[in-house]
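Shown below: protein-v7.txt, with compact mmCIF, C-alpha atoms and all ligand atoms.
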# COMPACT_ATOMS: atom_id res chain seq x y z
CA MET A 1 -62.02 39.16 -155.01
CA LEU A 2 -59.85 36.05 -155.47
CA ASN A 3 -59.95 36.24 -159.28
CA GLN A 4 -59.26 39.98 -159.22
CA THR A 5 -56.20 39.41 -157.02
CA VAL A 6 -54.91 36.57 -159.18
CA ASP A 7 -55.37 38.67 -162.36
CA PHE A 8 -53.50 41.56 -160.75
CA ILE A 9 -50.56 39.33 -159.80
CA THR A 10 -50.53 37.48 -163.13
CA ASP A 11 -50.34 40.81 -165.00
CA LYS A 12 -47.42 41.94 -162.81
CA LEU A 13 -45.66 38.65 -163.45
CA LYS A 14 -46.19 38.85 -167.21
CA GLY A 15 -44.88 42.42 -167.29
CA ASN A 16 -41.77 41.62 -165.26
CA LEU A 17 -40.86 37.95 -165.46
CA GLY A 18 -42.68 36.64 -168.55
CA ASN A 19 -44.46 33.34 -168.20
CA PHE A 20 -43.73 32.71 -164.51
CA VAL A 21 -45.89 30.01 -162.91
CA PRO A 22 -44.82 29.35 -159.31
CA GLU A 23 -44.95 25.70 -158.28
CA ILE A 24 -43.84 26.18 -154.67
CA GLY A 25 -45.29 28.65 -152.17
CA ILE A 26 -43.38 29.52 -149.03
CA VAL A 27 -44.65 31.42 -146.00
CA LEU A 28 -41.68 32.88 -144.17
CA GLY A 29 -42.11 33.22 -140.41
CA SER A 30 -40.69 35.78 -137.99
CA GLY A 31 -36.99 36.34 -138.57
CA LEU A 32 -36.87 33.87 -141.47
CA GLY A 33 -37.53 36.34 -144.29
CA GLU A 34 -33.97 36.54 -145.60
CA LEU A 35 -34.52 33.80 -148.16
CA ALA A 36 -36.80 36.19 -150.05
CA ASP A 37 -34.26 39.04 -149.87
CA GLU A 38 -31.53 36.79 -151.20
CA TYR A 39 -33.35 35.60 -154.34
CA CYS A 40 -35.95 38.31 -155.02
CA GLN A 41 -36.71 38.82 -158.72
CA LEU A 42 -40.02 40.59 -158.24
CA ALA A 43 -41.50 41.93 -155.01
CA ILE A 44 -45.05 43.22 -154.71
CA PRO A 45 -45.85 45.03 -151.44
CA TYR A 46 -49.03 43.69 -149.82
CA SER A 47 -50.34 47.28 -149.75
CA GLU A 48 -50.58 47.16 -153.58
CA ILE A 49 -52.33 43.78 -153.84
CA PRO A 50 -56.13 43.86 -153.94
CA GLY A 51 -57.57 41.77 -151.09
CA PHE A 52 -54.32 41.58 -149.13
CA GLU A 53 -53.91 43.03 -145.66
CA THR A 54 -50.74 44.57 -144.26
CA SER A 55 -48.90 42.65 -141.60
CA GLN A 56 -47.72 44.88 -138.79
CA VAL A 57 -45.54 42.47 -136.85
CA SER A 58 -41.92 43.57 -136.51
CA GLY A 59 -39.57 41.12 -138.19
CA HIS A 60 -41.99 40.84 -141.15
CA LYS A 61 -41.61 42.81 -144.41
CA SER A 62 -45.11 42.59 -145.91
CA ARG A 63 -44.46 41.70 -149.51
CA LEU A 64 -44.97 38.89 -151.96
CA VAL A 65 -41.70 37.84 -153.55
CA PHE A 66 -41.22 35.83 -156.73
CA ALA A 67 -37.95 34.07 -157.47
CA GLU A 68 -36.32 31.08 -159.01
CA ILE A 69 -34.46 29.01 -156.41
CA ASN A 70 -32.54 25.94 -157.50
CA GLU A 71 -34.38 26.00 -160.82
CA LYS A 72 -37.82 25.98 -159.18
CA LYS A 73 -40.23 28.86 -159.49
CA VAL A 74 -41.25 30.02 -156.05
CA VAL A 75 -43.62 32.56 -154.51
CA MET A 76 -42.74 33.68 -151.00
CA MET A 77 -44.76 35.55 -148.43
CA GLN A 78 -42.37 37.77 -146.55
CA GLY A 79 -44.68 38.22 -143.60
CA ARG A 80 -48.04 36.59 -143.02
CA PHE A 81 -51.41 37.77 -141.68
CA HIS A 82 -52.08 36.68 -138.13
CA TYR A 83 -55.47 36.17 -136.56
CA TYR A 84 -54.29 38.05 -133.46
CA GLU A 85 -53.76 41.19 -135.54
CA GLY A 86 -57.52 41.36 -135.85
CA HIS A 87 -57.73 40.00 -139.39
CA SER A 88 -60.61 37.66 -140.11
CA MET A 89 -59.70 34.02 -140.76
CA THR A 90 -60.80 34.63 -144.36
CA LYS A 91 -58.08 37.28 -144.72
CA VAL A 92 -55.49 35.13 -142.91
CA VAL A 93 -55.82 32.29 -145.43
CA PHE A 94 -56.56 34.39 -148.53
CA PRO A 95 -52.93 34.29 -149.79
CA ILE A 96 -52.96 30.47 -149.69
CA LYS A 97 -55.97 30.44 -152.01
CA VAL A 98 -54.16 32.92 -154.26
CA MET A 99 -51.11 30.61 -154.33
CA LYS A 100 -53.32 27.72 -155.38
CA LYS A 101 -54.84 29.76 -158.22
CA LEU A 102 -51.37 30.89 -159.35
CA GLY A 103 -50.40 27.24 -159.85
CA VAL A 104 -48.65 26.32 -156.59
CA LYS A 105 -48.56 22.57 -155.89
CA THR A 106 -46.54 22.49 -152.67
CA VAL A 107 -46.48 24.94 -149.77
CA ILE A 108 -43.74 25.24 -147.18
CA LEU A 109 -45.07 26.91 -144.04
CA THR A 110 -42.57 28.21 -141.54
CA ASN A 111 -42.97 29.86 -138.19
CA ALA A 112 -41.40 30.83 -134.91
CA ALA A 113 -42.72 28.65 -132.10
CA GLY A 114 -42.26 27.95 -128.42
CA GLY A 115 -40.87 24.58 -127.40
CA VAL A 116 -43.19 22.47 -125.26
CA ASN A 117 -41.17 19.29 -125.56
CA PRO A 118 -38.50 19.61 -122.84
CA ALA A 119 -35.94 17.98 -125.14
CA PHE A 120 -36.06 20.99 -127.50
CA ASN A 121 -33.59 23.87 -127.30
CA PRO A 122 -33.95 27.47 -128.52
CA SER A 123 -33.10 27.81 -132.22
CA ASP A 124 -33.78 24.10 -132.94
CA LEU A 125 -35.68 23.42 -136.16
CA MET A 126 -38.76 21.18 -135.90
CA LEU A 127 -40.46 19.41 -138.77
CA ILE A 128 -44.22 19.54 -138.18
CA THR A 129 -45.73 16.06 -138.36
CA ASP A 130 -49.27 17.06 -137.37
CA HIS A 131 -51.13 19.91 -135.70
CA ILE A 132 -53.81 20.70 -133.16
CA ASN A 133 -56.11 23.60 -133.91
CA ASN A 134 -56.73 25.32 -130.60
CA MET A 135 -57.68 28.65 -132.20
CA HIS A 136 -61.35 27.75 -131.73
CA VAL A 137 -62.16 28.75 -135.27
CA ASN A 138 -61.73 26.90 -138.54
CA PRO A 139 -60.70 28.84 -141.66
CA LEU A 140 -63.08 26.76 -143.81
CA ILE A 141 -66.21 27.94 -141.99
CA GLY A 142 -68.57 29.62 -144.44
CA PRO A 143 -69.79 28.78 -147.93
CA ASN A 144 -67.57 26.13 -149.54
CA ASP A 145 -65.87 26.84 -152.87
CA ASP A 146 -66.41 23.41 -154.41
CA SER A 147 -64.01 24.24 -157.24
CA MET A 148 -61.16 24.31 -154.73
CA GLY A 149 -61.96 21.61 -152.20
CA LEU A 150 -64.49 19.47 -150.40
CA ARG A 151 -66.96 20.66 -147.78
CA PHE A 152 -65.66 18.07 -145.31
CA PRO A 153 -62.00 17.60 -146.21
CA ASP A 154 -59.95 14.77 -144.76
CA MET A 155 -57.16 15.96 -142.43
CA SER A 156 -55.57 12.61 -141.58
CA GLU A 157 -52.33 13.64 -143.31
CA VAL A 158 -52.09 17.42 -143.50
CA TYR A 159 -48.29 17.35 -143.65
CA SER A 160 -47.15 15.03 -146.44
CA ALA A 161 -45.48 11.96 -144.92
CA GLU A 162 -43.63 11.39 -148.19
CA LEU A 163 -42.25 14.93 -148.31
CA ASN A 164 -41.42 14.78 -144.59
CA GLU A 165 -39.24 11.72 -145.24
CA MET A 166 -37.45 13.70 -147.93
CA VAL A 167 -36.99 16.70 -145.58
CA LYS A 168 -35.56 14.44 -142.85
CA LYS A 169 -33.13 12.77 -145.29
CA THR A 170 -32.13 16.16 -146.67
CA ALA A 171 -31.46 17.55 -143.17
CA ALA A 172 -29.42 14.46 -142.26
CA ARG A 173 -27.36 14.76 -145.42
CA LEU A 174 -26.66 18.43 -144.66
CA GLY A 175 -25.77 17.64 -141.04
CA ILE A 176 -28.65 19.78 -139.78
CA ASP A 177 -30.34 18.53 -136.60
CA LEU A 178 -34.07 18.38 -137.14
CA GLN A 179 -36.55 17.75 -134.37
CA GLU A 180 -40.04 16.62 -135.26
CA GLY A 181 -43.37 16.96 -133.58
CA VAL A 182 -46.90 18.25 -133.24
CA TYR A 183 -47.60 21.99 -133.50
CA LEU A 184 -50.42 23.44 -131.46
CA ALA A 185 -51.88 26.78 -132.54
CA LEU A 186 -53.44 29.24 -130.12
CA THR A 187 -54.67 32.68 -131.13
CA GLY A 188 -52.14 34.70 -129.10
CA PRO A 189 -51.08 37.47 -128.96
CA SER A 190 -50.30 36.81 -125.31
CA TYR A 191 -47.85 34.01 -124.84
CA GLU A 192 -49.18 30.99 -122.94
CA THR A 193 -49.35 30.60 -119.20
CA PRO A 194 -47.38 27.71 -117.70
CA ALA A 195 -50.72 25.93 -117.11
CA GLU A 196 -51.61 26.27 -120.79
CA VAL A 197 -48.23 24.91 -121.80
CA LYS A 198 -48.75 21.96 -119.42
CA MET A 199 -52.10 21.37 -121.13
CA ALA A 200 -50.42 21.56 -124.54
CA ARG A 201 -47.96 18.85 -123.50
CA ILE A 202 -50.72 16.65 -122.06
CA ILE A 203 -52.78 16.83 -125.24
CA GLY A 204 -49.79 15.87 -127.37
CA ALA A 205 -48.08 19.04 -128.53
CA ASP A 206 -44.33 19.53 -128.94
CA ALA A 207 -44.48 23.19 -129.92
CA VAL A 208 -46.90 26.10 -129.59
CA GLY A 209 -47.44 29.05 -131.87
CA MET A 210 -49.92 31.56 -133.24
CA SER A 211 -50.03 30.76 -136.95
CA THR A 212 -49.61 28.05 -139.62
CA VAL A 213 -52.61 25.86 -138.74
CA PRO A 214 -55.12 28.00 -140.70
CA GLU A 215 -52.82 28.10 -143.75
CA ALA A 216 -52.06 24.36 -143.55
CA THR A 217 -55.78 23.52 -143.27
CA VAL A 218 -56.66 25.57 -146.35
CA ALA A 219 -53.67 24.31 -148.36
CA LYS A 220 -54.64 20.70 -147.64
CA TRP A 221 -58.29 21.43 -148.43
CA ALA A 222 -57.25 22.91 -151.77
CA GLY A 223 -55.21 19.81 -152.65
CA MET A 224 -51.70 21.16 -152.14
CA ASP A 225 -48.88 19.22 -150.49
CA VAL A 226 -47.81 20.78 -147.20
CA ILE A 227 -44.47 20.92 -145.41
CA GLY A 228 -44.26 22.74 -142.06
CA ILE A 229 -41.06 23.77 -140.30
CA SER A 230 -40.94 25.57 -136.96
CA CYS A 231 -38.02 27.44 -135.54
CA ILE A 232 -38.20 26.69 -131.84
CA CYS A 233 -37.28 30.15 -130.66
CA ASN A 234 -37.73 29.67 -126.92
CA SER A 235 -38.81 27.15 -124.38
CA ALA A 236 -42.50 27.85 -123.78
CA ALA A 237 -43.66 29.39 -120.50
CA GLY A 238 -43.12 27.07 -117.57
CA VAL A 239 -40.70 24.90 -119.57
CA SER A 240 -38.50 28.00 -119.35
CA THR A 241 -38.24 29.93 -116.09
CA VAL A 242 -37.50 33.26 -117.76
CA ALA A 243 -40.12 35.69 -119.09
CA LEU A 244 -40.73 35.54 -122.86
CA SER A 245 -40.22 38.45 -125.24
CA HIS A 246 -40.63 38.96 -128.99
CA GLU A 247 -37.04 40.31 -129.09
CA ASP A 248 -35.70 37.01 -127.73
CA VAL A 249 -37.81 35.12 -130.29
CA ILE A 250 -36.33 37.17 -133.16
CA ARG A 251 -32.82 36.70 -131.72
CA ALA A 252 -33.24 32.91 -131.69
CA ALA A 253 -34.67 32.96 -135.23
CA ASN A 254 -31.56 34.89 -136.31
CA ILE A 255 -29.32 32.20 -134.86
CA ALA A 256 -31.27 29.54 -136.78
CA LYS A 257 -31.73 31.39 -140.06
CA ASP A 258 -28.64 30.19 -141.94
CA ARG A 259 -29.44 26.54 -141.12
CA PHE A 260 -33.05 27.17 -142.00
CA LYS A 261 -32.18 28.74 -145.37
CA THR A 262 -29.75 25.95 -146.23
CA LEU A 263 -32.38 23.33 -145.45
CA VAL A 264 -35.22 25.05 -147.31
CA LYS A 265 -33.09 25.67 -150.43
CA GLU A 266 -32.13 22.00 -150.56
CA VAL A 267 -35.72 20.90 -149.91
CA ILE A 268 -36.86 23.08 -152.81
CA LYS A 269 -34.38 21.27 -155.06
CA LYS A 270 -35.85 17.89 -154.05
CA ILE A 271 -39.55 18.74 -154.41
N1 LIG B 301 -45.64 30.69 -127.76
C1 LIG B 301 -46.39 31.02 -128.83
N2 LIG B 301 -45.88 31.50 -129.94
C2 LIG B 301 -44.55 31.65 -130.02
C3 LIG B 301 -43.72 31.33 -128.93
C4 LIG B 301 -44.30 30.82 -127.75
O1 LIG B 301 -43.62 30.51 -126.74
N3 LIG B 301 -42.45 31.59 -129.33
C5 LIG B 301 -42.52 32.06 -130.61
N4 LIG B 301 -43.80 32.08 -131.02

What does this structure look like when you write it as structure tokens?
Amino acid sequence: MLNQTVDFITDKLKGNLGNFVPEIGIVLGSGLGELADEYCQLAIPYSEIPGFETSQVSGHKSRLVFAEINEKKVVMMQGRFHYYEGHSMTKVVFPIKVMKKLGVKTVILTNAAGGVNPAFNPSDLMLITDHINNMHVNPLIGPNDDSMGLRFPDMSEVYSAELNEMVKKTAARLGIDLQEGVYLALTGPSYETPAEVKMARIIGADAVGMSTVPEATVAKWAGMDVIGISCICNSAAGVSTVALSHEDVIRAANIAKDRFKTLVKEVIKKI
């Protein structure tokens, strides 16, 4: 299926944009999809792509967007596949494998997350320094494709320390406050209980969310450099005393989106 998908996309690219080889892949999280709208040169709806699922989450557009941003060729996922939607892990990470086959060297994974670190405020941006997989399933389970990566891949530096330094310098230069920390992934779709958030803090997390870790794991396995940026859309349950809602998450992402876009565009320039 992977080769069929890559052939389908390559044909579309040839027909519309000529010899377009994306070097950067970006997964745009809830409320952060505007970057794709702004630069779109070619959009392929997921419903047309063999092997792709359709993401149903509101705030996600469900299309693969190709564009040149700051002279770099980029492929963007406007909407991702979540495990909580009922997709298998294989389907969740499939687009990352497609990106690799298309020529992508660096992926930028973004998401909306809940703040566990009490110093974080809604609409803060957080650079992901490391993650904890608490989804109780690993996307690499199953036969290993040795042409893409090792059976037992090292995960001691999933998020490139070198690129993270660049992102931090870039944010500082732009005057954008950037938190940093560890992202913990749970399956969702229910938000956490206060007890779960307390556990997250105890085991070393600064933010919690329902995505990114599967994609980061597969990107690292396949030899791509990874940058992860969370939009801290709310204080997680218990850190906050108010009930959480998806609408509030999207609202906070909207407040952050201009800063987020400015940062990502500048990061793209520096990659
Ligand atoms: N928990 C998990 N995922 C999230 C949250 C949260 O509080 N906010 C946005 N995504």

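Between CA of Val267 (chain A) and CA of Val98 (chain A) there is a distance of 22.4 Å.
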
List every residue of chain A that has an atom at most 10 Å from any atom of ligand LIG 301 (chain B), and for each one report the closest atom pair and its distance in Å to one decimal, counting all atoms listed in the file, with rows sorted by chain and then by increasing residue number, as CSV.
residue,atom,partner,partner_atom,distance
A:Gly29,CA,B:LIG301,N4,9.6
A:Ser30,CA,B:LIG301,C5,8.5
A:Asn111,CA,B:LIG301,N4,7.6
A:Ala112,CA,B:LIG301,C5,4.6
A:Ala113,CA,B:LIG301,C5,3.7
A:Gly114,CA,B:LIG301,O1,3.4
A:Gly115,CA,B:LIG301,O1,6.6
A:Val116,CA,B:LIG301,O1,8.2
A:Pro122,CA,B:LIG301,N3,9.5
A:Leu184,CA,B:LIG301,C1,9.0
A:Ala185,CA,B:LIG301,C1,7.9
A:Leu186,CA,B:LIG301,C1,7.4
A:Thr187,CA,B:LIG301,C1,8.8
A:Gly188,CA,B:LIG301,C1,6.8
A:Pro189,CA,B:LIG301,C1,8.0
A:Ser190,CA,B:LIG301,C1,7.8
A:Tyr191,CA,B:LIG301,N1,4.9
A:Glu192,CA,B:LIG301,N1,6.0
A:Thr193,CA,B:LIG301,N1,9.3
A:Val197,CA,B:LIG301,N1,8.7
A:Ala207,CA,B:LIG301,N1,7.9
A:Val208,CA,B:LIG301,C1,5.0
A:Gly209,CA,B:LIG301,N2,3.5
A:Met210,CA,B:LIG301,N2,5.2
A:Ser211,CA,B:LIG301,N2,8.2
A:Ser230,CA,B:LIG301,C5,9.2
A:Cys231,CA,B:LIG301,C5,8.1
A:Ile232,CA,B:LIG301,N3,7.0
A:Cys233,CA,B:LIG301,N3,5.5
A:Asn234,CA,B:LIG301,N3,5.6
A:Ser235,CA,B:LIG301,O1,6.3
A:Ala236,CA,B:LIG301,O1,4.1
A:Ala237,CA,B:LIG301,O1,6.3
A:Gly238,CA,B:LIG301,O1,9.8
A:Val239,CA,B:LIG301,O1,9.6
A:Ser240,CA,B:LIG301,O1,9.3
A:Ala243,CA,B:LIG301,O1,9.9
A:Leu244,CA,B:LIG301,O1,7.0
A:Ser245,CA,B:LIG301,N3,8.3
A:His246,CA,B:LIG301,C5,7.3
A:Asp248,CA,B:LIG301,N3,8.8
A:Val249,CA,B:LIG301,C5,5.6
A:Ile250,CA,B:LIG301,C5,8.4
A:Ala252,CA,B:LIG301,C5,9.4
A:Ala253,CA,B:LIG301,C5,9.2

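CA of Val158 (chain A) is found 19.0 Å from CA of Asp146 (chain A).
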
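Put simply, CA of His136 (chain A) is 27.8 Å away from CA of Asp124 (chain A).
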
Neighbour list for Val65 (chain A) as an NGL selection string, cut-off 10 Å, all atoms listed in the file, skip fewer than 5 positions in-chain
:A and (25-26 or 35-37 or 39-45 or 74-78)

Output for the residues just chosen: C-alpha atoms as a PDB file, in the frame of the given file:
ATOM      1  CA  GLY A  25     -45.290  28.650-152.170  1.00  0.00           C
ATOM      2  CA  ILE A  26     -43.380  29.520-149.030  1.00  0.00           C
ATOM      3  CA  LEU A  35     -34.520  33.800-148.160  1.00  0.00           C
ATOM      4  CA  ALA A  36     -36.800  36.190-150.050  1.00  0.00           C
ATOM      5  CA  ASP A  37     -34.260  39.040-149.870  1.00  0.00           C
ATOM      6  CA  TYR A  39     -33.350  35.600-154.340  1.00  0.00           C
ATOM      7  CA  CYS A  40     -35.950  38.310-155.020  1.00  0.00           C
ATOM      8  CA  GLN A  41     -36.710  38.820-158.720  1.00  0.00           C
ATOM      9  CA  LEU A  42     -40.020  40.590-158.240  1.00  0.00           C
ATOM     10  CA  ALA A  43     -41.500  41.930-155.010  1.00  0.00           C
ATOM     11  CA  ILE A  44     -45.050  43.220-154.710  1.00  0.00           C
ATOM     12  CA  PRO A  45     -45.850  45.030-151.440  1.00  0.00           C
ATOM     13  CA  VAL A  74     -41.250  30.020-156.050  1.00  0.00           C
ATOM     14  CA  VAL A  75     -43.620  32.560-154.510  1.00  0.00           C
ATOM     15  CA  MET A  76     -42.740  33.680-151.000  1.00  0.00           C
ATOM     16  CA  MET A  77     -44.760  35.550-148.430  1.00  0.00           C
ATOM     17  CA  GLN A  78     -42.370  37.770-146.550  1.00  0.00           C
TER      18      GLN A  78
END

Could you work out an axis-aligned bounding box for all listed atoms of region 183-189 of chain A, with 3 Å added on each of the six sides, and give its centre and edge lengths in Å to one decimal, as JSON?
{"center_x": -51.1, "center_y": 29.7, "center_z": -131.2, "size_x": 13.1, "size_y": 21.5, "size_z": 10.5}

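The residue that comes closest to Lys261 (chain A), out of A:Met99, A:Ala222, A:Leu28, A:Ala200 and on the basis of only C-alpha atoms, is A:Leu28.
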
Would you kindly identify which residues have an atom no farther than 9 Å from (-53.6, 21.5, -139.2), using all atoms listed in the file and the file's own coordinates, and write them out as a ChimeraX atom specification?
/A:130-133,155,157-159,183-185,212-218,220

Distance query Val92 (chain A) at most 9 Å, all atoms listed in the file, self and fewer than 3 positions along chain excluded, as a list in words:
Glu53, Arg80, Phe81, His82, Tyr83, His87, Ser88, Met89, Pro95, Ile96, Pro139, Pro214 and Glu215 of chain A

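Each of A:Ile9, A:Val182, A:Met199, A:Leu140 was compared to Tyr46 (chain A) using all atoms listed in the file, and A:Ile9 turns out to be the nearest.
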
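For the set A:Glu23, A:Ser62, A:Arg151, A:Gly181, the residue with the smallest atom-to-atom gap to Glu48 (chain A) is A:Ser62, counting all atoms listed in the file.
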
Given the choices A:Leu150, A:Ile271, A:Ala195, A:Leu109, which gets closest to Leu163 (chain A) if the distance is worked out from only C-alpha atoms?
A:Ile271

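Closest approach to Glu71 (chain A) among A:Pro22, A:Glu162, A:Glu180, A:Lys12: A:Pro22, based on only C-alpha atoms.
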
Could you check the closest approach to Asn121 (chain A) for each of A:Glu196, A:Glu38, A:Glu85, A:Asp206 and tell me which residue wins, using all atoms listed in the file?
A:Asp206

Quick one: residues within 10 Å of Lys97 (chain A), all atoms listed in the file counted, chain neighbours fewer than 5 positions away excluded, as a list in words?
Leu2, Val6, Thr90, Leu102, Val104, Met148, Glu215, Val218, Ala219, Trp221 and Ala222 of chain A

From the block I gave, I'd like region 92-101 of chain A written with all heavy atoms, as a PDB file, in the first residue's frame.
ATOM      1  N   VAL A  92      -2.484   5.445  11.852  1.00  0.00           N
ATOM      2  CA  VAL A  92      -2.108   6.729  12.472  1.00  0.00           C
ATOM      3  C   VAL A  92      -0.748   7.206  11.942  1.00  0.00           C
ATOM      4  O   VAL A  92      -0.555   8.384  11.664  1.00  0.00           O
ATOM      5  CB  VAL A  92      -2.096   6.602  14.021  1.00  0.00           C
ATOM      6  CG1 VAL A  92      -1.470   7.822  14.682  1.00  0.00           C
ATOM      7  CG2 VAL A  92      -3.516   6.381  14.552  1.00  0.00           C
ATOM      8  N   VAL A  93       0.184   6.265  11.808  1.00  0.00           N
ATOM      9  CA  VAL A  93       1.556   6.657  11.429  1.00  0.00           C
ATOM     10  C   VAL A  93       1.841   6.507   9.922  1.00  0.00           C
ATOM     11  O   VAL A  93       2.922   6.882   9.468  1.00  0.00           O
ATOM     12  CB  VAL A  93       2.617   5.856  12.237  1.00  0.00           C
ATOM     13  CG1 VAL A  93       2.457   6.142  13.719  1.00  0.00           C
ATOM     14  CG2 VAL A  93       2.527   4.362  11.950  1.00  0.00           C
ATOM     15  N   PHE A  94       0.873   6.006   9.188  1.00  0.00           N
ATOM     16  CA  PHE A  94       1.067   5.779   7.752  1.00  0.00           C
ATOM     17  C   PHE A  94       1.566   7.039   7.020  1.00  0.00           C
ATOM     18  O   PHE A  94       2.531   6.969   6.228  1.00  0.00           O
ATOM     19  CB  PHE A  94      -0.239   5.239   7.140  1.00  0.00           C
ATOM     20  CG  PHE A  94      -0.149   4.872   5.697  1.00  0.00           C
ATOM     21  CD1 PHE A  94       0.563   3.748   5.288  1.00  0.00           C
ATOM     22  CD2 PHE A  94      -0.774   5.648   4.715  1.00  0.00           C
ATOM     23  CE1 PHE A  94       0.645   3.402   3.943  1.00  0.00           C
ATOM     24  CE2 PHE A  94      -0.698   5.313   3.373  1.00  0.00           C
ATOM     25  CZ  PHE A  94       0.007   4.181   2.989  1.00  0.00           C
ATOM     26  N   PRO A  95       0.955   8.213   7.282  1.00  0.00           N
ATOM     27  CA  PRO A  95       1.418   9.415   6.554  1.00  0.00           C
ATOM     28  C   PRO A  95       2.888   9.756   6.830  1.00  0.00           C
ATOM     29  O   PRO A  95       3.546  10.349   5.966  1.00  0.00           O
ATOM     30  CB  PRO A  95       0.503  10.525   7.089  1.00  0.00           C
ATOM     31  CG  PRO A  95      -0.716   9.817   7.582  1.00  0.00           C
ATOM     32  CD  PRO A  95      -0.220   8.514   8.125  1.00  0.00           C
ATOM     33  N   ILE A  96       3.405   9.392   7.973  1.00  0.00           N
ATOM     34  CA  ILE A  96       4.809   9.687   8.289  1.00  0.00           C
ATOM     35  C   ILE A  96       5.714   8.825   7.400  1.00  0.00           C
ATOM     36  O   ILE A  96       6.735   9.290   6.885  1.00  0.00           O
ATOM     37  CB  ILE A  96       5.101   9.433   9.788  1.00  0.00           C
ATOM     38  CG1 ILE A  96       4.160  10.265  10.685  1.00  0.00           C
ATOM     39  CG2 ILE A  96       6.569   9.704  10.126  1.00  0.00           C
ATOM     40  CD1 ILE A  96       4.304  11.771  10.551  1.00  0.00           C
ATOM     41  N   LYS A  97       5.310   7.585   7.203  1.00  0.00           N
ATOM     42  CA  LYS A  97       6.075   6.709   6.300  1.00  0.00           C
ATOM     43  C   LYS A  97       6.003   7.243   4.868  1.00  0.00           C
ATOM     44  O   LYS A  97       6.977   7.192   4.121  1.00  0.00           O
ATOM     45  CB  LYS A  97       5.525   5.277   6.366  1.00  0.00           C
ATOM     46  CG  LYS A  97       5.728   4.631   7.726  1.00  0.00           C
ATOM     47  CD  LYS A  97       5.166   3.224   7.752  1.00  0.00           C
ATOM     48  CE  LYS A  97       5.274   2.635   9.143  1.00  0.00           C
ATOM     49  NZ  LYS A  97       4.596   1.339   9.267  1.00  0.00           N
ATOM     50  N   VAL A  98       4.837   7.753   4.483  1.00  0.00           N
ATOM     51  CA  VAL A  98       4.674   8.338   3.150  1.00  0.00           C
ATOM     52  C   VAL A  98       5.608   9.544   3.004  1.00  0.00           C
ATOM     53  O   VAL A  98       6.287   9.700   1.988  1.00  0.00           O
ATOM     54  CB  VAL A  98       3.196   8.741   2.905  1.00  0.00           C
ATOM     55  CG1 VAL A  98       3.050   9.547   1.619  1.00  0.00           C
ATOM     56  CG2 VAL A  98       2.302   7.501   2.858  1.00  0.00           C
ATOM     57  N   MET A  99       5.658  10.385   4.036  1.00  0.00           N
ATOM     58  CA  MET A  99       6.547  11.559   3.997  1.00  0.00           C
ATOM     59  C   MET A  99       7.989  11.130   3.762  1.00  0.00           C
ATOM     60  O   MET A  99       8.706  11.711   2.948  1.00  0.00           O
ATOM     61  CB  MET A  99       6.458  12.344   5.307  1.00  0.00           C
ATOM     62  CG  MET A  99       5.207  13.173   5.447  1.00  0.00           C
ATOM     63  SD  MET A  99       5.258  14.078   7.017  1.00  0.00           S
ATOM     64  CE  MET A  99       3.682  14.927   6.949  1.00  0.00           C
ATOM     65  N   LYS A 100       8.400  10.105   4.498  1.00  0.00           N
ATOM     66  CA  LYS A 100       9.769   9.609   4.357  1.00  0.00           C
ATOM     67  C   LYS A 100      10.036   9.201   2.901  1.00  0.00           C
ATOM     68  O   LYS A 100      11.053   9.557   2.305  1.00  0.00           O
ATOM     69  CB  LYS A 100       9.973   8.425   5.315  1.00  0.00           C
ATOM     70  CG  LYS A 100      11.253   7.646   5.118  1.00  0.00           C
ATOM     71  CD  LYS A 100      12.464   8.399   5.616  1.00  0.00           C
ATOM     72  CE  LYS A 100      13.745   7.601   5.370  1.00  0.00           C
ATOM     73  NZ  LYS A 100      14.929   8.327   5.822  1.00  0.00           N
ATOM     74  N   LYS A 101       9.103   8.442   2.343  1.00  0.00           N
ATOM     75  CA  LYS A 101       9.277   7.952   0.962  1.00  0.00           C
ATOM     76  C   LYS A 101       9.242   9.089  -0.057  1.00  0.00           C
ATOM     77  O   LYS A 101       9.823   8.981  -1.140  1.00  0.00           O
ATOM     78  CB  LYS A 101       8.174   6.937   0.617  1.00  0.00           C
ATOM     79  CG  LYS A 101       8.279   5.632   1.375  1.00  0.00           C
ATOM     80  CD  LYS A 101       9.107   4.621   0.605  1.00  0.00           C
ATOM     81  CE  LYS A 101       9.047   3.262   1.283  1.00  0.00           C
ATOM     82  NZ  LYS A 101      10.054   2.338   0.768  1.00  0.00           N
TER      83      LYS A 101
END
